Structure formats: C-alpha cells, structure tokens
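Next comes structure09.cif, with mmCIF, C-alpha atoms and all ligand atoms.
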data_input
#
loop_
_atom_site.label_atom_id
_atom_site.label_comp_id
_atom_site.auth_asym_id
_atom_site.auth_seq_id
_atom_site.Cartn_x
_atom_site.Cartn_y
_atom_site.Cartn_z
CA MET A 1 0.00 0.00 0.00
CA TYR A 2 1.22 3.48 -0.85
CA LYS A 3 0.38 6.53 1.27
CA ILE A 4 -0.95 9.77 -0.24
CA VAL A 5 1.16 12.37 1.57
CA LYS A 6 -0.23 15.42 -0.25
CA LYS A 7 -3.30 16.18 -2.34
CA GLN A 8 -3.95 19.45 -4.14
CA THR A 9 -6.70 20.58 -6.49
CA LEU A 10 -5.23 22.39 -9.51
CA ASN A 11 -8.53 23.18 -11.23
CA ASN A 12 -12.02 21.69 -11.32
CA ALA A 13 -10.83 18.67 -13.32
CA VAL A 14 -7.17 18.22 -12.41
CA GLU A 15 -5.57 17.17 -9.14
CA LEU A 16 -2.05 16.57 -7.89
CA MET A 17 -1.00 13.84 -5.49
CA GLU A 18 2.32 13.13 -3.86
CA ILE A 19 2.62 9.43 -3.10
CA HIS A 20 5.15 7.81 -0.78
CA ALA A 21 6.73 5.24 -3.11
CA PRO A 22 10.40 4.74 -2.12
CA PHE A 23 11.43 2.34 -4.89
CA VAL A 24 9.93 4.42 -7.71
CA ALA A 25 11.25 7.70 -6.23
CA ARG A 26 14.77 6.27 -6.04
CA LYS A 27 14.91 5.14 -9.67
CA CYS A 28 12.59 7.28 -11.80
CA GLU A 29 13.63 9.78 -14.48
CA PRO A 30 11.69 12.39 -16.51
CA GLY A 31 9.62 10.75 -19.26
CA GLN A 32 8.74 7.65 -17.24
CA PHE A 33 5.34 6.68 -15.86
CA ILE A 34 3.73 4.50 -13.22
CA ILE A 35 0.70 2.21 -13.26
CA ILE A 36 -1.60 2.78 -10.34
CA ARG A 37 -4.39 0.61 -8.94
CA VAL A 38 -6.52 2.63 -6.55
CA ASP A 39 -7.95 -0.31 -4.62
CA GLU A 40 -7.99 -4.08 -4.86
CA ASP A 41 -10.96 -4.11 -7.25
CA GLY A 42 -9.47 -1.33 -9.38
CA GLU A 43 -8.20 -1.34 -12.94
CA ARG A 44 -4.60 -0.46 -13.75
CA ILE A 45 -4.18 3.02 -15.19
CA PRO A 46 -0.96 4.66 -16.41
CA LEU A 47 0.01 8.14 -15.16
CA THR A 48 3.18 10.05 -15.93
CA ILE A 49 5.67 10.89 -13.19
CA ALA A 50 5.28 14.68 -12.93
CA ASP A 51 7.91 15.10 -10.25
CA TYR A 52 9.84 13.17 -7.63
CA ASP A 53 11.76 13.78 -4.44
CA ARG A 54 14.43 11.17 -3.76
CA GLU A 55 14.97 12.33 -0.15
CA LYS A 56 11.30 12.34 0.82
CA GLU A 57 10.86 9.15 -1.27
CA THR A 58 7.78 10.62 -2.96
CA VAL A 59 6.48 10.69 -6.52
CA THR A 60 4.07 13.35 -7.80
CA ILE A 61 1.26 12.51 -10.21
CA ILE A 62 -1.07 15.02 -11.84
CA TYR A 63 -4.28 13.55 -13.22
CA GLN A 64 -7.39 14.74 -14.97
CA VAL A 65 -10.62 13.22 -13.68
CA VAL A 66 -12.08 11.75 -16.88
CA GLY A 67 -13.72 8.45 -15.92
CA TYR A 68 -14.14 5.66 -13.42
CA SER A 69 -10.61 5.14 -12.11
CA THR A 70 -9.49 8.75 -12.01
CA ASP A 71 -12.77 9.54 -10.21
CA LEU A 72 -12.03 6.76 -7.70
CA LEU A 73 -8.53 8.18 -7.18
CA SER A 74 -10.00 11.64 -6.70
CA LYS A 75 -12.12 10.36 -3.78
CA LYS A 76 -8.95 9.50 -1.84
CA GLN A 77 -7.62 12.07 0.61
CA GLU A 78 -4.28 12.93 2.21
CA GLY A 79 -3.35 10.12 4.58
CA ASP A 80 -5.27 7.47 2.58
CA TYR A 81 -3.51 4.69 0.69
CA VAL A 82 -3.60 3.37 -2.90
CA GLN A 83 -3.29 -0.36 -3.53
CA ASP A 84 -0.52 -0.50 -6.18
CA PHE A 85 1.95 2.00 -7.58
CA VAL A 86 4.16 0.17 -10.07
CA GLY A 87 7.14 1.70 -11.80
CA PRO A 88 9.13 3.42 -13.02
CA LEU A 89 7.95 2.19 -16.43
CA GLY A 90 8.94 3.23 -19.94
CA VAL A 91 12.16 4.65 -21.30
CA PRO A 92 13.46 7.89 -19.74
CA ALA A 93 13.33 10.87 -22.11
CA VAL A 94 16.62 11.50 -23.95
CA LEU A 95 17.60 14.95 -22.65
CA GLU A 96 20.88 16.48 -23.78
CA LYS A 97 22.34 19.96 -23.40
CA LYS A 98 21.59 22.05 -26.50
CA GLU A 99 23.48 25.01 -27.95
CA ASN A 100 20.45 27.20 -28.62
CA LYS A 101 17.08 26.74 -26.99
CA VAL A 102 14.46 24.06 -26.54
CA ILE A 103 10.76 24.88 -26.78
CA GLY A 104 8.25 22.84 -24.81
CA VAL A 105 4.62 22.78 -25.90
CA ALA A 106 2.00 21.56 -23.41
CA GLY A 107 -1.70 20.97 -23.96
CA GLY A 108 -3.89 20.65 -20.85
CA VAL A 109 -2.63 18.01 -18.44
CA GLY A 110 0.36 17.47 -20.81
CA ALA A 111 2.04 20.22 -18.74
CA ALA A 112 2.60 17.59 -16.03
CA PRO A 113 4.86 15.23 -18.01
CA LEU A 114 6.57 18.15 -19.77
CA TYR A 115 7.55 19.85 -16.51
CA PRO A 116 10.29 17.44 -15.29
CA GLN A 117 11.74 17.18 -18.81
CA LEU A 118 12.18 20.96 -19.24
CA ARG A 119 13.38 21.36 -15.68
CA LYS A 120 16.11 18.75 -16.24
CA LEU A 121 17.18 20.43 -19.51
CA ALA A 122 17.38 23.80 -17.72
CA ALA A 123 19.43 22.22 -14.93
CA MET A 124 21.87 20.96 -17.60
CA GLY A 125 22.33 24.54 -18.82
CA THR A 126 19.97 24.53 -21.83
CA LYS A 127 17.77 27.58 -22.29
CA VAL A 128 14.10 26.64 -22.39
CA ASP A 129 10.87 28.34 -23.42
CA VAL A 130 7.42 26.85 -22.93
CA ILE A 131 3.98 27.34 -24.46
CA ILE A 132 1.15 26.17 -22.19
CA GLY A 133 -2.35 25.77 -23.58
CA GLY A 134 -5.73 25.28 -21.96
CA LYS A 135 -9.43 25.76 -22.64
CA SER A 136 -9.44 28.85 -20.41
CA ALA A 137 -7.24 30.46 -17.75
CA GLU A 138 -8.08 27.93 -15.01
CA TYR A 139 -6.98 25.02 -17.24
CA VAL A 140 -3.47 26.45 -17.75
CA LEU A 141 -1.36 24.26 -15.49
CA LEU A 142 1.97 24.85 -13.72
CA ALA A 143 2.67 28.31 -15.22
CA ASP A 144 4.34 29.56 -12.00
CA GLN A 145 6.43 26.40 -11.70
CA PHE A 146 7.66 26.73 -15.32
CA LYS A 147 8.55 30.41 -14.69
CA GLU A 148 11.18 29.26 -12.17
CA PHE A 149 13.48 27.98 -14.96
CA CYS A 150 12.00 28.95 -18.37
CA GLU A 151 13.23 32.11 -20.14
CA ASN A 152 9.76 32.71 -21.59
CA VAL A 153 6.41 31.24 -20.60
CA TYR A 154 3.83 31.75 -23.36
CA ILE A 155 0.18 30.98 -22.74
CA ALA A 156 -2.64 30.20 -25.17
CA THR A 157 -6.28 29.76 -24.23
CA ASP A 158 -9.18 28.77 -26.48
CA ASP A 159 -11.35 31.61 -25.11
CA GLY A 160 -8.60 34.24 -24.76
CA SER A 161 -9.08 34.51 -20.97
CA LEU A 162 -5.28 34.33 -20.54
CA GLY A 163 -2.45 34.89 -23.01
CA THR A 164 -3.04 34.53 -26.73
CA LYS A 165 -6.53 33.56 -27.90
CA GLY A 166 -6.04 30.39 -29.90
CA PHE A 167 -4.16 27.13 -29.86
CA VAL A 168 -0.59 26.47 -28.74
CA THR A 169 0.24 25.98 -32.42
CA THR A 170 -0.77 29.61 -33.12
CA VAL A 171 1.85 30.81 -30.64
CA LEU A 172 4.46 28.33 -31.89
CA GLN A 173 3.93 29.38 -35.52
CA ASP A 174 4.24 33.07 -34.53
CA LEU A 175 7.51 32.48 -32.67
CA LEU A 176 9.00 30.55 -35.58
CA ASP A 177 7.77 33.16 -38.10
CA LYS A 178 9.46 35.87 -35.99
CA GLY A 179 12.76 33.99 -36.38
CA GLU A 180 13.13 32.35 -32.94
CA VAL A 181 15.68 29.55 -33.28
CA TYR A 182 15.18 26.32 -31.40
CA ASP A 183 17.24 23.11 -31.45
CA GLU A 184 14.35 20.94 -30.41
CA CYS A 185 10.64 20.96 -29.63
CA ILE A 186 9.04 18.70 -27.01
CA ALA A 187 5.26 18.52 -27.36
CA ILE A 188 3.01 16.74 -24.86
CA GLY A 189 -0.77 16.84 -24.86
CA PRO A 190 -3.73 15.40 -26.75
CA LEU A 191 -2.82 13.43 -29.88
CA ILE A 192 -4.46 15.97 -32.17
CA MET A 193 -2.39 18.75 -30.59
CA MET A 194 0.87 16.84 -31.01
CA LYS A 195 -0.02 16.03 -34.62
CA ASN A 196 -0.63 19.73 -35.29
CA VAL A 197 2.61 20.75 -33.59
CA VAL A 198 4.45 18.37 -35.90
CA ASN A 199 2.67 19.97 -38.87
CA VAL A 200 4.21 23.30 -37.78
CA THR A 201 7.73 22.03 -37.02
CA ARG A 202 8.20 19.59 -39.91
CA PRO A 203 8.56 22.23 -42.67
CA LEU A 204 11.43 23.77 -40.64
CA ASN A 205 12.92 20.38 -39.85
CA LEU A 206 12.73 21.29 -36.13
CA HIS A 207 13.26 17.95 -34.38
CA THR A 208 10.12 17.26 -32.32
CA MET A 209 9.63 14.69 -29.58
CA VAL A 210 6.11 13.69 -28.55
CA SER A 211 4.78 11.54 -25.71
CA LEU A 212 2.17 8.95 -26.72
CA ASN A 213 -0.64 7.84 -24.42
CA PRO A 214 -2.30 4.83 -26.02
CA ILE A 215 -4.44 2.40 -24.02
CA MET A 216 -2.08 0.47 -21.75
CA ILE A 217 -2.95 -2.68 -19.88
CA ASP A 218 0.09 -4.49 -18.48
CA GLY A 219 2.69 -1.78 -19.19
CA THR A 220 5.41 -4.39 -19.70
CA GLY A 221 5.30 -5.13 -23.45
CA MET A 222 3.24 -8.33 -23.12
CA CYS A 223 -0.34 -7.50 -24.12
CA GLY A 224 0.14 -5.39 -27.27
CA GLY A 225 -2.56 -2.93 -26.18
CA CYS A 226 -0.29 0.09 -26.58
CA ARG A 227 0.87 -0.79 -30.13
CA VAL A 228 1.80 2.25 -32.22
CA THR A 229 3.45 2.62 -35.62
CA VAL A 230 6.65 4.67 -35.67
CA ASP A 231 8.66 5.01 -38.88
CA GLY A 232 6.61 2.15 -40.37
CA GLU A 233 7.56 -0.21 -37.53
CA THR A 234 5.40 -1.57 -34.72
CA LYS A 235 6.44 -0.26 -31.31
CA PHE A 236 4.96 -0.73 -27.86
CA ALA A 237 4.66 2.66 -26.18
CA CYS A 238 5.02 1.15 -22.70
CA VAL A 239 8.48 -0.31 -23.28
CA ASP A 240 9.78 1.50 -26.40
CA GLY A 241 8.36 4.89 -25.37
CA PRO A 242 6.24 6.71 -24.40
CA ASP A 243 8.43 9.39 -26.08
CA PHE A 244 9.01 9.13 -29.84
CA ASP A 245 10.23 11.24 -32.75
CA GLY A 246 7.05 13.08 -33.75
CA PHE A 247 7.96 13.15 -37.45
CA LYS A 248 7.81 9.34 -37.51
CA VAL A 249 4.59 8.68 -35.57
CA ASP A 250 1.42 7.53 -37.35
CA PHE A 251 -0.91 9.85 -35.41
CA ASP A 252 -4.04 8.90 -37.34
CA GLU A 253 -3.65 5.25 -36.35
CA CYS A 254 -2.97 6.27 -32.71
CA MET A 255 -6.15 8.33 -32.63
CA ARG A 256 -8.22 5.48 -34.11
CA ARG A 257 -6.83 2.97 -31.60
CA GLN A 258 -7.25 5.28 -28.60
CA GLY A 259 -11.02 5.28 -29.11
CA ILE A 260 -11.53 1.53 -29.56
CA PHE A 261 -12.70 0.81 -25.99
CA LYS A 262 -14.82 3.96 -25.59
CA GLU A 263 -18.13 2.07 -25.24
CA GLU A 264 -16.71 -0.46 -22.76
CA GLU A 265 -15.03 2.25 -20.66
CA HIS A 266 -18.30 3.99 -20.08
CA GLN A 267 -20.07 0.76 -19.09
CA CYS A 268 -17.29 -0.27 -16.74
CA LYS A 269 -18.53 -2.65 -14.04
CA ILE A 270 -15.32 -3.12 -12.10
CA GLY A 271 -15.94 -3.17 -8.34
CA ARG A 272 -18.60 -0.54 -7.84
CA GLY A 273 -21.15 -1.10 -10.58
CA ALA A 274 -21.77 0.63 -13.87
CA LYS A 275 -21.17 4.31 -14.46
C1 LIG B 1 1.97 6.61 -20.66
C2 LIG B 1 0.71 7.34 -20.24
C3 LIG B 1 0.82 8.39 -19.36
C4 LIG B 1 -0.33 9.07 -18.95
N1 LIG B 1 -0.18 10.11 -18.08
C5 LIG B 1 -1.25 10.80 -17.65
C6 LIG B 1 -1.10 11.87 -16.72
O1 LIG B 1 0.00 12.20 -16.26
N2 LIG B 1 -2.22 12.52 -16.32
C7 LIG B 1 -3.47 12.17 -16.80
O2 LIG B 1 -4.46 12.81 -16.41
N3 LIG B 1 -3.64 11.16 -17.67
C8 LIG B 1 -2.57 10.45 -18.11
N4 LIG B 1 -2.74 9.40 -18.97
C9 LIG B 1 -4.11 9.01 -19.35
C10 LIG B 1 -4.75 8.20 -18.21
O3 LIG B 1 -4.14 6.92 -18.13
C11 LIG B 1 -6.26 8.03 -18.47
O4 LIG B 1 -6.86 9.30 -18.38
C12 LIG B 1 -6.92 7.09 -17.45
O5 LIG B 1 -6.52 5.77 -17.70
C13 LIG B 1 -8.44 7.22 -17.53
O6 LIG B 1 -9.05 6.19 -16.80
P1 LIG B 1 -10.55 6.36 -16.24
O7 LIG B 1 -11.03 5.03 -15.76
O8 LIG B 1 -10.62 7.48 -15.28
O9 LIG B 1 -11.37 6.84 -17.50
P2 LIG B 1 -12.10 6.00 -18.65
O10 LIG B 1 -13.49 6.51 -18.78
O11 LIG B 1 -11.89 4.53 -18.44
O12 LIG B 1 -11.28 6.44 -19.92
C14 LIG B 1 -11.22 7.80 -20.36
C15 LIG B 1 -10.13 7.89 -21.42
O13 LIG B 1 -8.86 7.61 -20.81
C16 LIG B 1 -8.03 6.82 -21.66
N5 LIG B 1 -7.74 5.53 -20.98
C17 LIG B 1 -8.60 4.72 -20.30
N6 LIG B 1 -7.97 3.64 -19.82
C18 LIG B 1 -6.69 3.75 -20.20
C19 LIG B 1 -5.55 2.94 -20.03
N7 LIG B 1 -5.56 1.78 -19.37
N8 LIG B 1 -4.40 3.36 -20.60
C20 LIG B 1 -4.33 4.54 -21.25
N9 LIG B 1 -5.37 5.35 -21.45
C21 LIG B 1 -6.54 4.97 -20.93
C22 LIG B 1 -8.81 6.62 -22.93
O14 LIG B 1 -8.43 7.61 -23.86
C23 LIG B 1 -10.24 6.83 -22.53
O15 LIG B 1 -11.07 7.23 -23.57
C24 LIG B 1 -1.62 8.70 -19.42
C25 LIG B 1 -1.72 7.63 -20.32
C26 LIG B 1 -0.57 6.95 -20.72
C27 LIG B 1 -0.68 5.80 -21.68
S1 LIG B 2 0.61 -2.00 -22.31
FE1 LIG B 2 0.72 -4.05 -22.92
S2 LIG B 2 2.25 -4.06 -24.43
FE2 LIG B 2 2.24 -2.01 -23.69
#
What's the structure tokens form of this structure?
Amino acid sequence: MYKIVKKQTLNNAVELMEIHAPFVARKCEPGQFIIIRVDEDGERIPLTIADYDREKETVTIIYQVVGYSTDLLSKKQEGDYVQDFVGPLGVPAVLEKKENKVIGVAGGVGAAPLYPQLRKLAAMGTKVDVIIGGKSAEYVLLADQFKEFCENVYIATDDGSLGTKGFVTTVLQDLLDKGEVYDECIAIGPLIMMKNVVNVTRPLNLHTMVSLNPIMIDGTGMCGGCRVTVDGETKFACVDGPDFDGFKVDFDECMRRQGIFKEEEHQCKIGRGAK
C-alpha cells in the first residue's frame, strides 16, 4: 500500500497527489510513468511521473478526472492509501544539453509530463521556453512552476481569458515566423495537438519529440494494447516509449486505436457497478 502524503486541487478537473513510493522515487527519471491501482478491485491506469523527491521518497502525479478510475482516485484524501503503484515504467526521455534553446509545448494536463523534462534540460544549462495551452485560464497548469526555470512562458487559451486567444500551435507558428531559433521541440498533450505541432515544425525540420498515451494494460510489453506505428515499424509505447520522434509517428492510427474501448469504458462494471 502506498500513502498519499499530499493532495492538491489544480482546477475543477485536475488534481495533484504526492505518493510515498520509495522504490519508484529512487529510480525514476523524466519521461517515465507508473501504473496505479486505486484499490484491490481497481483497474490499472498509467500516469506520468510529474515530479519526484528522492529524499522524501515521494512521486508526484497530476491527473485529470475523466472516468471511473481517475474519479475513484480523486475520492482518496491525504493520509489514505492506494493499492498499487508500479514503476518506473517506460524509457526515460533523452535529454541532452543544446546550444540554442528548446521549446516545450504543453496541452492541458500534458504540462505535467513536460515539466520534469524541461526542468532537467534547464538544470543541464539549456535555455528553455514553454507554451502552455488550456481551454481557459483555469486550465493552464503549472505556469508559476515553469517560470522558475524557463526564459519565456507563453500561454494560449481557447477563449482568450489568458495569453493569446487560440491554440498552442498559433503561438508556436508566430515564434518561428518571428525567427526564434530552437534546437528541439518537445510537445506533450492530446494526440491531435501533437499532430498539429508536428505539422508546424516539420517544414522547418525542427526535431520534435512527442509523448504517446495509447491504451495500456500491463505496461510491460506483453499485451500489445499500446501498439503504435513509428517510422513504419510496430512499437509498444510502454516499453519503447512513451516518447518518440514526432515526425515518424502515425498519429491517425494512434487516434483510431485510442477510441476503440470507448463504449466499454463507459459501461465499466469493475468493483462498484456501472457508471
Ligand atoms: C503513458 C501514459 C501516461 C499518462 N499520463 C497521464 C497523466 O500524467 N495525467 C493524466 O491525467 N492522464 C494520463 N494518462 C491518461 C490516463 O491513463 C487516463 O486518463 C486514465 O486511464 C483514464 O481512466 P478512467 O477510468 O478514469 O477513464 P475512462 O473513462 O476509463 O477512460 C477515459 C479515457 O482515458 C483513456 N484511458 C482509459 N484507460 C486507459 C488505459 N488503461 N491506458 C491509457 N489510457 C486509458 C482513454 O483515452 C479513454 O477514452 C496517461 C496515459 C498513458 C498511456
Ligand atoms: S501496455 Fe501491454 S504491451 Fe504495452
């Protein structure tokens, strides 16, 4: 059992939890994820490691309440326990010092997995900028935390309530049109957002890494649930990723496969009856 040592509400759909998980905290690196089971009847769901503290032996997760299991997790409070917290899983992000700058692009809860990656790059001496997008001001996550190490924090909201009115790609295109030079782009968010970021960066040959979030079941490369096509080859996001070269990802296939269990998810009968 793993103790929830801190719980914080970030907006009406997104929460942060710090979990006491000594083994994961000791080993994890930016880009990796855990699989959590809230209670003994629960399903296994993957969540990215948003932060970690090796001394306190804690791992931070930031999750959006979208369905049965994230709702179950949300009902837990500080001092409660979760049943399983398995990890670190996946390949750590390849983060190397760059000569110019790196631009991070985050959509919604994608700010959580992006945060430790940019922070590590900054700690290595790379200059970093970030564009954070959300539906409206309250859905823009971690802006203050990014300000601690980013040279520029750009914000885009769909309704214009904060920063530029429009998508993160609007801001990215503007920066590139103005002549900003970046060595790399790291984009994390909904598949459609990452696909559109790649559409902006590809013409400039700006190397772009993306983080894929297909349906995962075992998280160990055994079930094939997280199959994605990268550069024409089959990869399993749980063991070969979740980070991949965005120019090589078949986003359309990912989007089709992500929706295949939609009906079943919403009729889930695990433990506490149907939703
Ligand atoms: C590597 C990885 C890292 C992730 N990191 C985060 C994160 O840091 N924060 C966050 O909010 N979300 C993250 N997700 C998505 C998260 O796993 C889903 O939101 C969660 O599983 C939803 O479960 P549910 O029962 O609440 O909702 P459901 O109603 O069951 O599903 C809602 C949607 O969540 C997705 N989903 C459901 N089950 C799974 C599953 N087993 N594996 C992957 N996706 C699933 C599907 O797109 C589905 O349509 C990540 C997914 C992956 C693969
Ligand atoms: S989740 Fe089963 S192979 Fe990746």
Please report the interatomic distance between atom CA of A:Ala122 and atom CA of A:Val239 in Å with one decimal. 26.3 Å
Write out as lines of an AutoDock Vina configuration file an axis-aligned box for ligand LIG 2 (chain B): all of its atoms listed in the file, 4 Å added on each side, centre and edge lengths in Å with one decimal.
center_x = 1.4
center_y = -3.0
center_z = -23.4
size_x = 9.6
size_y = 10.1
size_z = 10.1
Dump as a tab-separated table the rows for residues of chain A within 7 Å of ligand LIG 2 (chain B): closest atom pair and distance in Å with one decimal, only C-alpha atoms and all ligand atoms counted, ordered by chain and rising residue number.
residue	atom	partner	partner_atom	distance
A:Ile215	CA	B:LIG2	S1	6.9
A:Met216	CA	B:LIG2	S1	3.7
A:Ile217	CA	B:LIG2	S1	4.4
A:Asp218	CA	B:LIG2	FE1	4.5
A:Gly219	CA	B:LIG2	S1	3.8
A:Thr220	CA	B:LIG2	FE2	5.6
A:Gly221	CA	B:LIG2	S2	3.4
A:Met222	CA	B:LIG2	S2	4.6
A:Cys223	CA	B:LIG2	FE1	3.8
A:Gly224	CA	B:LIG2	S2	3.8
A:Gly225	CA	B:LIG2	FE1	4.8
A:Cys226	CA	B:LIG2	FE2	4.4
A:Arg227	CA	B:LIG2	FE2	6.7
A:Phe236	CA	B:LIG2	FE2	5.1
A:Ala237	CA	B:LIG2	FE2	5.8
A:Cys238	CA	B:LIG2	FE2	4.3
A:Val239	CA	B:LIG2	FE2	6.5
Taking only C-alpha atoms and all ligand atoms and a cut-off of 8 Å, can you tell me which residues surround ligand LIG 1 (chain B), written as a PDB file with C-alpha atoms, in the coordinates of the input?
ATOM      1  CA  VAL A  14      -7.170  18.220 -12.410  1.00  0.00           C
ATOM      2  CA  GLN A  32       8.740   7.650 -17.240  1.00  0.00           C
ATOM      3  CA  PHE A  33       5.340   6.680 -15.860  1.00  0.00           C
ATOM      4  CA  ILE A  34       3.730   4.500 -13.220  1.00  0.00           C
ATOM      5  CA  GLU A  43      -8.200  -1.340 -12.940  1.00  0.00           C
ATOM      6  CA  ARG A  44      -4.600  -0.460 -13.750  1.00  0.00           C
ATOM      7  CA  ILE A  45      -4.180   3.020 -15.190  1.00  0.00           C
ATOM      8  CA  PRO A  46      -0.960   4.660 -16.410  1.00  0.00           C
ATOM      9  CA  LEU A  47       0.010   8.140 -15.160  1.00  0.00           C
ATOM     10  CA  THR A  48       3.180  10.050 -15.930  1.00  0.00           C
ATOM     11  CA  ILE A  49       5.670  10.890 -13.190  1.00  0.00           C
ATOM     12  CA  ALA A  50       5.280  14.680 -12.930  1.00  0.00           C
ATOM     13  CA  ILE A  61       1.260  12.510 -10.210  1.00  0.00           C
ATOM     14  CA  ILE A  62      -1.070  15.020 -11.840  1.00  0.00           C
ATOM     15  CA  TYR A  63      -4.280  13.550 -13.220  1.00  0.00           C
ATOM     16  CA  GLN A  64      -7.390  14.740 -14.970  1.00  0.00           C
ATOM     17  CA  VAL A  65     -10.620  13.220 -13.680  1.00  0.00           C
ATOM     18  CA  VAL A  66     -12.080  11.750 -16.880  1.00  0.00           C
ATOM     19  CA  GLY A  67     -13.720   8.450 -15.920  1.00  0.00           C
ATOM     20  CA  TYR A  68     -14.140   5.660 -13.420  1.00  0.00           C
ATOM     21  CA  SER A  69     -10.610   5.140 -12.110  1.00  0.00           C
ATOM     22  CA  THR A  70      -9.490   8.750 -12.010  1.00  0.00           C
ATOM     23  CA  ASP A  71     -12.770   9.540 -10.210  1.00  0.00           C
ATOM     24  CA  LEU A  72     -12.030   6.760  -7.700  1.00  0.00           C
ATOM     25  CA  GLY A  90       8.940   3.230 -19.940  1.00  0.00           C
ATOM     26  CA  VAL A 109      -2.630  18.010 -18.440  1.00  0.00           C
ATOM     27  CA  GLY A 110       0.360  17.470 -20.810  1.00  0.00           C
ATOM     28  CA  ALA A 112       2.600  17.590 -16.030  1.00  0.00           C
ATOM     29  CA  PRO A 113       4.860  15.230 -18.010  1.00  0.00           C
ATOM     30  CA  SER A 211       4.780  11.540 -25.710  1.00  0.00           C
ATOM     31  CA  LEU A 212       2.170   8.950 -26.720  1.00  0.00           C
ATOM     32  CA  ASN A 213      -0.640   7.840 -24.420  1.00  0.00           C
ATOM     33  CA  PRO A 214      -2.300   4.830 -26.020  1.00  0.00           C
ATOM     34  CA  ILE A 215      -4.440   2.400 -24.020  1.00  0.00           C
ATOM     35  CA  MET A 216      -2.080   0.470 -21.750  1.00  0.00           C
ATOM     36  CA  ILE A 217      -2.950  -2.680 -19.880  1.00  0.00           C
ATOM     37  CA  CYS A 226      -0.290   0.090 -26.580  1.00  0.00           C
ATOM     38  CA  ALA A 237       4.660   2.660 -26.180  1.00  0.00           C
ATOM     39  CA  CYS A 238       5.020   1.150 -22.700  1.00  0.00           C
ATOM     40  CA  PRO A 242       6.240   6.710 -24.400  1.00  0.00           C
ATOM     41  CA  GLN A 258      -7.250   5.280 -28.600  1.00  0.00           C
ATOM     42  CA  GLY A 259     -11.020   5.280 -29.110  1.00  0.00           C
ATOM     43  CA  PHE A 261     -12.700   0.810 -25.990  1.00  0.00           C
ATOM     44  CA  LYS A 262     -14.820   3.960 -25.590  1.00  0.00           C
ATOM     45  CA  GLU A 265     -15.030   2.250 -20.660  1.00  0.00           C
ATOM     46  CA  HIS A 266     -18.300   3.990 -20.080  1.00  0.00           C
ATOM     47  CA  CYS A 268     -17.290  -0.270 -16.740  1.00  0.00           C
TER      48      CYS A 268
END
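Picture a line from atom CA of A:Thr157 to atom CA of A:Val140; it runs 7.8 Å.
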Taking (-2.6, 12.9, -28.3) in the file's own coordinates, collect the residues within 8 Å, counting only C-alpha atoms, and hand them back as a list in words. Ile188, Gly189, Pro190, Leu191, Ile192, Met193, Met194, Lys195, Ser211, Leu212, Asn213, Phe251, Cys254 and Met255 of chain A
Save the residues we just selected, C-alpha atoms, as a PDB file, keeping the file's coordinate frame?
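Printed below is part_31.pdb as written:
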ATOM      1  CA  ILE A 188       3.010  16.740 -24.860  1.00  0.00           C
ATOM      2  CA  GLY A 189      -0.770  16.840 -24.860  1.00  0.00           C
ATOM      3  CA  PRO A 190      -3.730  15.400 -26.750  1.00  0.00           C
ATOM      4  CA  LEU A 191      -2.820  13.430 -29.880  1.00  0.00           C
ATOM      5  CA  ILE A 192      -4.460  15.970 -32.170  1.00  0.00           C
ATOM      6  CA  MET A 193      -2.390  18.750 -30.590  1.00  0.00           C
ATOM      7  CA  MET A 194       0.870  16.840 -31.010  1.00  0.00           C
ATOM      8  CA  LYS A 195      -0.020  16.030 -34.620  1.00  0.00           C
ATOM      9  CA  SER A 211       4.780  11.540 -25.710  1.00  0.00           C
ATOM     10  CA  LEU A 212       2.170   8.950 -26.720  1.00  0.00           C
ATOM     11  CA  ASN A 213      -0.640   7.840 -24.420  1.00  0.00           C
ATOM     12  CA  PHE A 251      -0.910   9.850 -35.410  1.00  0.00           C
ATOM     13  CA  CYS A 254      -2.970   6.270 -32.710  1.00  0.00           C
ATOM     14  CA  MET A 255      -6.150   8.330 -32.630  1.00  0.00           C
TER      15      MET A 255
END
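Closest approach to A:Arg119 from the set A:Gln145, A:Thr58, A:Asn12, A:Thr164 is made by A:Gln145, with distances taken over only C-alpha atoms.
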For A:Arg54, the closest of A:Cys28, A:Glu78, A:Lys120, A:Leu73 counting all atoms listed in the file is A:Cys28
